[in-house]
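Data file: work.cif. Format and content: mmCIF, C-alpha atoms.
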data_input
#
loop_
_atom_site.label_atom_id
_atom_site.label_comp_id
_atom_site.auth_asym_id
_atom_site.auth_seq_id
_atom_site.Cartn_x
_atom_site.Cartn_y
_atom_site.Cartn_z
CA MET A 53 39.13 101.75 72.51
CA VAL A 54 39.22 101.76 76.30
CA ILE A 55 42.74 100.32 76.54
CA ASN A 56 44.08 102.84 74.02
CA GLU A 57 42.61 105.68 76.05
CA MET A 58 44.02 104.31 79.31
CA LYS A 59 47.48 104.00 77.76
CA LYS A 60 47.50 107.74 77.07
CA TYR A 61 47.56 108.38 80.81
CA ARG A 62 49.42 105.26 81.93
CA PRO A 63 51.93 104.37 79.18
CA ASP A 64 53.76 102.24 81.75
CA MET A 65 50.79 99.93 82.27
CA GLU A 66 50.74 96.66 80.33
CA PHE A 67 47.49 95.03 79.26
CA GLU A 68 46.61 91.46 78.41
CA VAL A 69 43.27 90.98 76.65
CA LYS A 70 41.38 87.86 77.67
CA LYS A 71 38.52 87.10 75.31
CA ILE A 72 35.53 85.49 76.99
CA THR A 73 32.54 84.06 75.13
CA THR A 74 29.28 84.48 77.05
CA GLN A 75 26.05 82.51 76.89
CA GLY A 76 24.51 85.47 75.10
CA ASP A 77 27.09 85.02 72.33
CA LYS A 78 26.43 81.28 72.05
CA LEU A 79 22.65 81.03 72.28
CA LEU A 80 21.62 82.67 69.03
CA GLN A 81 18.55 80.66 68.09
CA GLU A 82 16.10 82.11 70.64
CA PRO A 83 15.08 85.67 71.56
CA LEU A 84 16.85 87.02 74.64
CA SER A 85 13.48 87.55 76.33
CA GLN A 86 12.98 83.78 76.34
CA ILE A 87 16.42 82.61 77.48
CA GLY A 88 17.43 84.89 80.33
CA GLY A 89 17.79 88.48 79.22
CA LYS A 90 20.71 90.88 79.53
CA GLY A 91 22.56 88.90 82.19
CA LEU A 92 23.54 86.34 79.54
CA PHE A 93 26.11 88.82 78.19
CA VAL A 94 27.86 89.47 81.51
CA LYS A 95 27.70 86.36 83.73
CA GLU A 96 30.99 84.76 82.59
CA LEU A 97 32.79 88.10 82.69
CA GLU A 98 31.61 88.80 86.23
CA GLU A 99 32.65 85.31 87.33
CA ALA A 100 36.15 85.96 85.93
CA LEU A 101 36.28 89.27 87.83
CA LEU A 102 35.16 87.71 91.11
CA GLU A 103 37.69 84.90 90.88
CA GLY A 104 40.44 87.39 90.00
CA SER A 105 41.41 85.98 86.60
CA ILE A 106 40.70 89.42 85.11
CA ASP A 107 40.89 92.88 86.68
CA MET A 108 38.54 94.72 84.38
CA ALA A 109 35.77 93.94 81.87
CA VAL A 110 34.52 96.20 79.09
CA HIS A 111 30.83 96.04 78.27
CA SER A 112 28.21 97.72 76.16
CA MET A 113 26.39 99.39 79.05
CA LYS A 114 22.96 98.66 77.62
CA ASP A 115 23.71 94.96 78.24
CA MET A 116 24.31 95.52 81.95
CA PRO A 117 21.54 94.52 84.39
CA TYR A 118 20.95 97.19 87.02
CA GLU A 119 21.83 94.70 89.77
CA ILE A 120 25.61 94.27 90.08
CA PRO A 121 27.30 91.64 92.31
CA GLU A 122 28.92 92.84 95.54
CA LYS A 123 32.66 93.53 95.24
CA LEU A 124 32.22 94.70 91.63
CA CYS A 125 31.78 98.25 90.39
CA VAL A 126 30.43 99.48 87.03
CA MET A 127 31.21 102.91 85.56
CA PRO A 128 30.56 104.54 82.18
CA VAL A 129 33.68 105.47 80.24
CA LEU A 130 34.45 107.70 77.25
CA LYS A 131 32.00 109.86 75.35
CA ARG A 132 28.72 108.22 74.45
CA GLU A 133 28.38 107.16 70.84
CA GLU A 134 25.19 107.80 68.86
CA ALA A 135 22.27 106.48 70.98
CA ARG A 136 19.62 106.14 68.27
CA ASP A 137 18.33 103.03 66.53
CA VAL A 138 18.66 102.82 62.77
CA LEU A 139 17.11 101.04 59.81
CA ILE A 140 19.13 99.26 57.17
CA SER A 141 16.73 98.54 54.32
CA ARG A 142 17.41 96.28 51.36
CA GLU A 143 16.26 98.74 48.72
CA GLY A 144 17.12 101.99 50.50
CA ASN A 145 13.53 102.82 51.49
CA LYS A 146 12.76 104.58 54.75
CA PHE A 147 10.62 102.76 57.31
CA MET A 148 7.30 104.46 56.57
CA ASP A 149 7.86 103.95 52.83
CA LEU A 150 8.42 100.18 53.04
CA LYS A 151 5.88 98.00 51.25
CA ALA A 152 2.83 96.71 53.13
CA GLY A 153 3.67 93.63 55.17
CA ALA A 154 7.41 94.32 54.98
CA LYS A 155 9.63 91.80 56.78
CA ILE A 156 11.77 93.49 59.45
CA GLY A 157 14.50 91.71 61.41
CA THR A 158 14.93 92.34 65.15
CA SER A 159 14.63 90.30 68.32
CA SER A 160 14.26 93.25 70.70
CA LEU A 161 10.85 93.49 72.38
CA ARG A 162 11.48 97.23 72.83
CA ARG A 163 12.01 97.74 69.10
CA ILE A 164 9.15 95.43 68.13
CA SER A 165 6.60 97.26 70.30
CA GLN A 166 7.55 100.69 68.98
CA LEU A 167 7.92 99.63 65.34
CA LYS A 168 4.54 97.87 65.43
CA ALA A 169 2.94 101.00 66.92
CA LEU A 170 4.10 102.89 63.82
CA ARG A 171 3.40 100.14 61.28
CA PRO A 172 1.06 97.41 62.56
CA ASP A 173 1.27 95.73 59.15
CA ILE A 174 4.96 94.78 59.29
CA GLU A 175 6.11 91.21 59.84
CA ILE A 176 8.79 90.77 62.50
CA VAL A 177 11.51 88.20 61.86
CA GLN A 178 13.61 87.17 64.86
CA LEU A 179 17.22 88.29 64.40
CA ARG A 180 20.25 87.46 66.58
CA GLY A 181 24.00 87.40 66.02
CA ASN A 182 26.76 89.96 65.56
CA ILE A 183 26.33 92.98 63.31
CA GLN A 184 27.86 91.40 60.20
CA THR A 185 25.64 88.32 60.64
CA ARG A 186 22.53 90.48 60.94
CA ILE A 187 23.40 92.47 57.82
CA ARG A 188 24.03 89.27 55.88
CA LYS A 189 20.59 87.95 56.85
CA ILE A 190 18.92 90.77 54.90
CA SER A 191 19.72 88.88 51.70
CA ASP A 192 19.91 85.37 53.18
CA GLU A 193 16.40 85.59 54.65
CA ASN A 194 14.91 87.99 52.10
CA LEU A 195 14.25 90.71 54.65
CA ASP A 196 13.08 94.19 53.69
CA GLY A 197 15.18 95.65 56.47
CA ILE A 198 16.71 95.27 59.92
CA VAL A 199 16.72 97.59 62.91
CA LEU A 200 19.74 97.84 65.19
CA ALA A 201 21.79 100.33 67.21
CA ALA A 202 23.71 102.98 65.31
CA ALA A 203 26.60 102.83 67.80
CA GLY A 204 27.82 99.38 66.78
CA LEU A 205 27.72 100.23 63.09
CA LYS A 206 29.65 103.45 63.62
CA ARG A 207 32.32 101.79 65.74
CA LEU A 208 32.82 99.18 63.00
CA GLY A 209 32.99 101.80 60.25
CA LEU A 210 29.73 100.58 58.66
CA GLU A 211 27.84 103.88 58.93
CA GLU A 212 27.35 104.03 55.14
CA LYS A 213 24.95 101.07 55.38
CA ILE A 214 22.45 103.08 57.46
CA THR A 215 19.27 103.98 55.58
CA GLN A 216 17.55 105.95 58.32
CA TYR A 217 18.13 107.16 61.89
CA PHE A 218 15.00 106.92 64.06
CA PRO A 219 14.45 110.08 66.14
CA VAL A 220 14.35 109.29 69.87
CA ASP A 221 10.78 110.62 69.97
CA LEU A 222 9.77 107.95 67.45
CA ILE A 223 11.80 104.96 68.70
CA VAL A 224 13.08 105.47 72.25
CA PRO A 225 16.46 103.68 72.53
CA ALA A 226 17.49 101.17 75.17
CA ALA A 227 18.82 102.62 78.41
CA CYS A 228 22.53 103.47 77.99
CA GLN A 229 22.59 102.53 74.31
CA GLY A 230 25.84 103.78 72.79
CA THR A 231 27.67 103.90 76.14
CA LEU A 232 30.69 101.79 77.06
CA ALA A 233 31.10 100.58 80.63
CA VAL A 234 34.03 99.27 82.61
CA GLU A 235 33.38 96.76 85.38
CA ILE A 236 36.22 96.29 87.84
CA ARG A 237 36.99 93.95 90.71
CA GLU A 238 37.49 95.23 94.24
CA GLY A 239 41.30 94.90 94.27
CA PHE A 240 41.74 96.91 91.07
CA GLU A 241 39.57 99.84 92.16
CA GLU A 242 42.31 102.14 93.46
CA GLU A 243 44.44 101.61 90.33
CA PHE A 244 41.55 102.28 87.99
CA MET A 245 40.16 105.28 89.87
CA SER A 246 43.51 107.07 89.49
CA MET A 247 42.77 107.14 85.73
CA TYR A 248 38.99 107.40 85.77
CA PRO A 249 38.72 111.22 85.74
CA MET A 250 40.53 111.21 82.38
CA LEU A 251 38.22 108.51 80.99
CA LEU A 252 35.03 110.16 82.18
CA ASP A 253 32.68 112.24 80.04
CA VAL A 254 30.41 114.24 82.37
CA LYS A 255 27.49 114.43 79.92
CA THR A 256 27.59 110.66 79.48
CA LEU A 257 27.75 110.16 83.26
CA PHE A 258 24.64 112.28 83.93
CA GLU A 259 22.67 110.53 81.17
CA THR A 260 23.74 107.09 82.37
CA ILE A 261 22.78 107.78 85.98
CA ALA A 262 19.33 108.99 84.92
CA GLU A 263 18.64 106.10 82.55
CA ARG A 264 19.74 103.38 84.97
CA LYS A 265 17.68 104.89 87.81
CA ILE A 266 14.55 104.80 85.65
CA LEU A 267 15.43 101.29 84.47
CA LYS A 268 15.67 100.10 88.07
CA ARG A 269 12.34 101.71 88.98
CA LEU A 270 10.63 99.99 86.04
CA GLY A 271 12.28 96.64 86.76
CA GLY A 272 13.85 96.72 83.31
CA ASN A 273 14.98 93.53 81.62
CA CYS A 274 14.70 91.96 78.17
CA LYS A 275 11.26 90.55 79.05
CA ILE A 276 9.62 93.99 79.28
CA PRO A 277 9.58 96.43 76.33
CA ILE A 278 11.24 99.54 77.79
CA GLY A 279 13.02 102.39 76.06
CA ILE A 280 14.76 105.10 78.11
CA HIS A 281 16.69 108.06 76.76
CA ALA A 282 18.17 110.92 78.80
CA GLN A 283 19.65 114.03 77.24
CA TYR A 284 21.92 116.28 79.25
CA LEU A 285 21.34 120.00 78.64
CA LYS A 286 23.03 123.17 79.83
CA GLU A 287 20.43 125.92 80.16
CA ASP A 288 21.22 129.29 81.77
CA ASN A 289 24.35 127.68 83.21
CA ILE A 290 22.21 125.06 84.97
CA ASP A 291 22.72 121.31 84.49
CA LYS A 292 19.43 119.84 83.28
CA ILE A 293 18.28 116.49 81.99
CA LYS A 294 15.43 115.56 79.66
CA ILE A 295 14.17 111.98 79.96
CA LYS A 296 11.97 110.10 77.49
CA VAL A 297 10.44 106.73 78.35
CA ALA A 298 8.57 104.21 76.21
CA TYR A 299 6.99 101.41 78.22
CA GLN A 300 4.61 98.71 77.09
CA LYS A 301 2.28 97.14 79.60
CA ASN A 302 0.13 94.32 78.27
CA THR A 303 -0.66 95.58 74.76
CA GLU A 304 -0.55 99.34 75.40
CA LEU A 305 2.56 101.32 74.49
CA MET A 306 2.93 104.38 76.71
CA LYS A 307 5.37 107.26 76.18
CA VAL A 308 6.15 109.97 78.72
CA GLU A 309 8.69 112.76 79.02
CA GLU A 310 10.08 114.76 81.94
CA LYS A 311 12.64 117.54 82.23
CA GLY A 312 14.38 118.96 85.29
CA ILE A 313 17.68 119.78 86.94
CA VAL A 314 20.27 117.02 87.33
CA ASP A 315 20.03 117.09 91.15
CA ASP A 316 16.34 116.16 90.91
CA ILE A 317 16.70 112.91 88.97
CA ASP A 318 15.05 110.92 91.79
CA LYS A 319 12.06 113.30 91.84
CA MET A 320 11.84 113.08 88.05
CA ALA A 321 11.79 109.29 88.31
CA ASP A 322 8.85 109.57 90.74
CA THR A 323 7.00 111.87 88.31
CA ILE A 324 7.65 109.54 85.37
CA MET A 325 6.25 106.60 87.35
CA GLU A 326 3.16 108.67 88.23
CA LYS A 327 2.63 109.64 84.59
CA LEU A 328 2.86 106.01 83.50
CA GLU A 329 0.39 104.96 86.17
CA GLU A 330 -2.06 107.68 85.03
CA LYS A 331 -1.80 106.51 81.42
CA ASP A 332 -2.28 102.91 82.53
CA ASN A 333 -5.47 103.85 84.35
#

Structure rendered as structure tokens:
Amino acid sequence: MVINEMKKYRPDMEFEVKKITTQGDKLLQEPLSQIGGKGLFVKELEEALLEGSIDMAVHSMKDMPYEIPEKLCVMPVLKREEARDVLISREGNKFMDLKAGAKIGTSSLRRISQLKALRPDIEIVQLRGNIQTRIRKISDENLDGIVLAAAGLKRLGLEEKITQYFPVDLIVPAACQGTLAVEIREGFEEEFMSMYPMLLDVKTLFETIAERKILKRLGGNCKIPIGIHAQYLKEDNIDKIKIKVAYQKNTELMKVEEKGIVDDIDKMADTIMEKLEEKDN
């Protein structure tokens, strides 16, 4: 997707795709929270960038830790895909209509904490692997349903398998879910930046900045259940942003919301932290 878009503006540029398998792709038996978190999906790619064997890496931005190595730069590209989580259920039932004790597949602590808050009776079954593997496990492991990101299903043309979209008020998505990111090495920066304005979606940029700032403040990683969703709004010709956060500390799931102008994202982050502290106390 990214290469095709870049070729529109630089038809003279030739691309060679180098496929790199990361530890996150290999280690499928354990939950990410137990084996190292989001960094497992980017380490090998960043090493290839730093040694100069690749110029650019394309990531799902939700997999990107907020700490990036020096000499590398990460930027959101293209318009954000659907950010919500979805349910694929075996018999076509919506989440609240599933039988008591229903078996739901997911390995995300964020999803588990919010799903359990809605339905404490459900049984969580750890689920890793690519999208096709996860869908196959519904029948292989006799699951009542699985929960995953809508974006991946839509990009693969599997949208018809979705039973239910979870509203962001109900299940707050992962920070930057649905957003693609390009990570570039220092020597390729000038070349890439000549094209970046054409690859940039302003709405996506504002939302990404807000979500990653909150993620950094909360120390977000796969070991802490955190959902962050920012929505860019244009009201009275003013750029505004609405931010929702779901954060579990110990056993308590807390949800807060804040809205303000785009220039005040740092102040909004302060207010969100204060609201979470008040709820915690």

Residues returned when the PyMOL selection byres ((chain A and resi 174) around 12) runs on this file, as an MDAnalysis selection string: chainID A and resid 147:158 164:173 175:177 195:198

Picked residues, the PyMOL selection byres ((chain A and resi 222-236) around 6), as a list in words: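 In the shown coordinates, the PyMOL selection byres ((chain A and resi 222-236) around 6) covers Asp107, Met108, Ala109, Val110, His111, Ser112, Met113, Lys114, Leu124, Cys125, Val126, Met127, Pro128, Val129, Arg132, Glu133, Glu134, Ala135, Arg136, Ala203, Phe218, Pro219, Val220, Asp221, Arg237, Thr260, Glu263, Gly279 and Ile280 of chain A.
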
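Run against this file, the PyMOL selection byres ((chain A and resi 262) around 10) gives back Ala227, Cys228, Leu257, Phe258, Glu259, Thr260, Ile261, Glu263, Arg264, Lys265, Ile266, Leu267, Ile280, His281, Ala282, Gln283, Tyr284, Ile293, Lys294, Ile295, Val314, Asp316, Ile317, Asp318, Met320 and Ala321 of chain A.
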
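If all atoms listed in the file are the atoms counted, then among A:Glu238, A:Met247, A:Thr323, A:Leu200 the closest residue to Lys60 in chain A is A:Met247.
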
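Pairwise distance (CA of Phe67 in chain A, CA of Val54 in chain A) equals 11.1 Å.
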
Proximity to Ser160 in chain A - best of A:Val254, A:Ile55, A:Ile278, A:Ile187, all atoms listed in the file: A:Ile278

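Proximity to Ile106 in chain A was assessed for A:Asn145, A:Asp332, A:Ile72, A:Lys213 counting only C-alpha atoms; the smallest distance is recorded for A:Ile72.
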
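Checking A:Phe93, A:Tyr61, A:Tyr299, A:Phe244 one by one against Pro277 in chain A, counting all atoms listed in the file, you find the shortest gap at A:Tyr299.
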
Enclose all atoms of range 126-142 of chain A listed in the file in an axis-aligned box, grow every side by 6 Å, and hand back centre and edge lengths in Å to one decimal, as JSON.
{"center_x": 25.6, "center_y": 103.1, "center_z": 69.2, "size_x": 29.7, "size_y": 25.6, "size_z": 47.7}
